[in-house]
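S.K.: Okay, here's the structure, questions in a sec.
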Amino acid sequence: MPLIGRLASPPAAGGSIRAALENFAENFVNEVVTTRRGAIVRLIMAEGPRFPDLADFYYREVVSRGLAGMRALIELAIQRGEIKQHGLKDFPQIVVAPAMVAVIWQGLFGRHAPLDATAMLRVHLDLIFGERRAT
């Protein structure tokens, strides 16, 4: 929940939405993908259909709040002109999809082919915001 709470907070004055999402991605990798929290996410994904009350609880307490925070950041980025694709506000799942891929990949295949989830998430943000220019 602290991670979701930080997502719901708007970026600091003058801060870009991209920087806020990069920070979220790094925190997600450090606090979920590379910890036992990732196992909880995989467990809910695997067993949620068999235990709908568990899935409902996780959706209500984590997923819905995360999506609302992500949608708010996307809408702000669109208003500021940082994101050009207006339809993204209707699908905040697109922004967080690589984080879920990282959780699944690390749990299933990480011992064979470790994934640099932070780098992957940065590339994903390049696709959304445009490639970052070297300064």
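Each chain of the structure tokens is named A, B, ... in the order shown, its residues numbered from 1; ligands are numbered from 1 in display order.
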Contacts between stretch 120-123 of chain A and stretch 17-77 of chain A, please, where a residue of stretch 17-77 of chain A counts if it comes within 9 Å (with only C-alpha atoms); show its shortest atom pair and distance in Å to one decimal, rows by chain and ascending number, as JSON lines.

M.R.:
```
{"residue": "A:Glu22", "atom": "CA", "partner": "A:Arg122", "partner_atom": "CA", "distance": 6.8}
{"residue": "A:Ala25", "atom": "CA", "partner": "A:Leu121", "partner_atom": "CA", "distance": 6.5}
{"residue": "A:Glu26", "atom": "CA", "partner": "A:Leu121", "partner_atom": "CA", "distance": 8.5}
```

S.K.: Using only all heavy atoms, please write the residues we just selected to a file, as a PDB file, in the first residue's frame.

M.R.:
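Listing of selection38.pdb after writing:
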```pdb
ATOM      1  N   GLU A  22       9.060   6.918 -13.601  1.00  0.00           N
ATOM      2  CA  GLU A  22      10.353   6.240 -13.490  1.00  0.00           C
ATOM      3  C   GLU A  22      10.644   5.900 -12.031  1.00  0.00           C
ATOM      4  O   GLU A  22      11.113   4.809 -11.724  1.00  0.00           O
ATOM      5  CB  GLU A  22      11.467   7.107 -14.063  1.00  0.00           C
ATOM      6  CG  GLU A  22      11.479   7.153 -15.567  1.00  0.00           C
ATOM      7  CD  GLU A  22      12.521   8.105 -16.129  1.00  0.00           C
ATOM      8  OE1 GLU A  22      13.137   8.880 -15.357  1.00  0.00           O
ATOM      9  OE2 GLU A  22      12.719   8.082 -17.357  1.00  0.00           O
ATOM     10  N   ALA A  25       8.479   3.021 -11.063  1.00  0.00           N
ATOM     11  CA  ALA A  25       8.993   1.776 -11.642  1.00  0.00           C
ATOM     12  C   ALA A  25      10.173   1.251 -10.830  1.00  0.00           C
ATOM     13  O   ALA A  25      10.240   0.056 -10.523  1.00  0.00           O
ATOM     14  CB  ALA A  25       9.395   2.006 -13.099  1.00  0.00           C
ATOM     15  N   GLU A  26      11.091   2.128 -10.478  1.00  0.00           N
ATOM     16  CA  GLU A  26      12.244   1.703  -9.681  1.00  0.00           C
ATOM     17  C   GLU A  26      11.803   1.174  -8.323  1.00  0.00           C
ATOM     18  O   GLU A  26      12.305   0.148  -7.854  1.00  0.00           O
ATOM     19  CB  GLU A  26      13.227   2.855  -9.526  1.00  0.00           C
ATOM     20  CG  GLU A  26      13.981   3.162 -10.808  1.00  0.00           C
ATOM     21  CD  GLU A  26      14.893   4.369 -10.685  1.00  0.00           C
ATOM     22  OE1 GLU A  26      15.239   4.758  -9.548  1.00  0.00           O
ATOM     23  OE2 GLU A  26      15.267   4.909 -11.739  1.00  0.00           O
TER      24      GLU A  26
END
```

S.K.: So which residues of stretch 23-128 of chain A fall under alpha helix (DSSP H) by DSSP, listed as an NGL selection string?

M.R.: :A and (23-28 or 37-47 or 52-58 or 64-80 or 93-109 or 117-128)

S.K.: List the spatial neighbours of stretch 87-93 of chain A as a PyMOL selection string - criterion: any atom at most 12 Å away, only C-alpha atoms, same-chain residues fewer than 3 positions off excluded.

M.R.: chain A and resi 63-79+83-84+96-101+128-129

S.K.: Give me, as a list in words, all polymer residues having an atom no more than 12 Å from A:Ala39, counting only C-alpha atoms and skipping those fewer than 4 positions away in the same chain.

M.R.: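 Here the qualifying residues turn out to be Glu31, Val32, Val33, Thr34, Thr35, Leu43, Ile44, Met45, Ala46, Glu47, Met100, Ala102, Val103, Ile104, Trp105, Gln106, Gly107 and Leu108 of chain A.
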
S.K.: Mind giving me the straight-line distance from atom CA of A:Pro114 to atom CA of A:Glu131 in Å, one decimal?

M.R.: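 Atom-to-atom, atom CA of A:Pro114 to atom CA of A:Glu131, that is 24.4 Å.
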
S.K.: Mind pulling up the distance from atom CA of A:Thr118 to atom CA of A:Val29?

M.R.: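 The value is 6.6 Å.
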
S.K.: Would you mind reading off the distance between atom CA of A:Ala20 and atom CA of A:Val95, one decimal, in Å?

M.R.: 12.6 Å
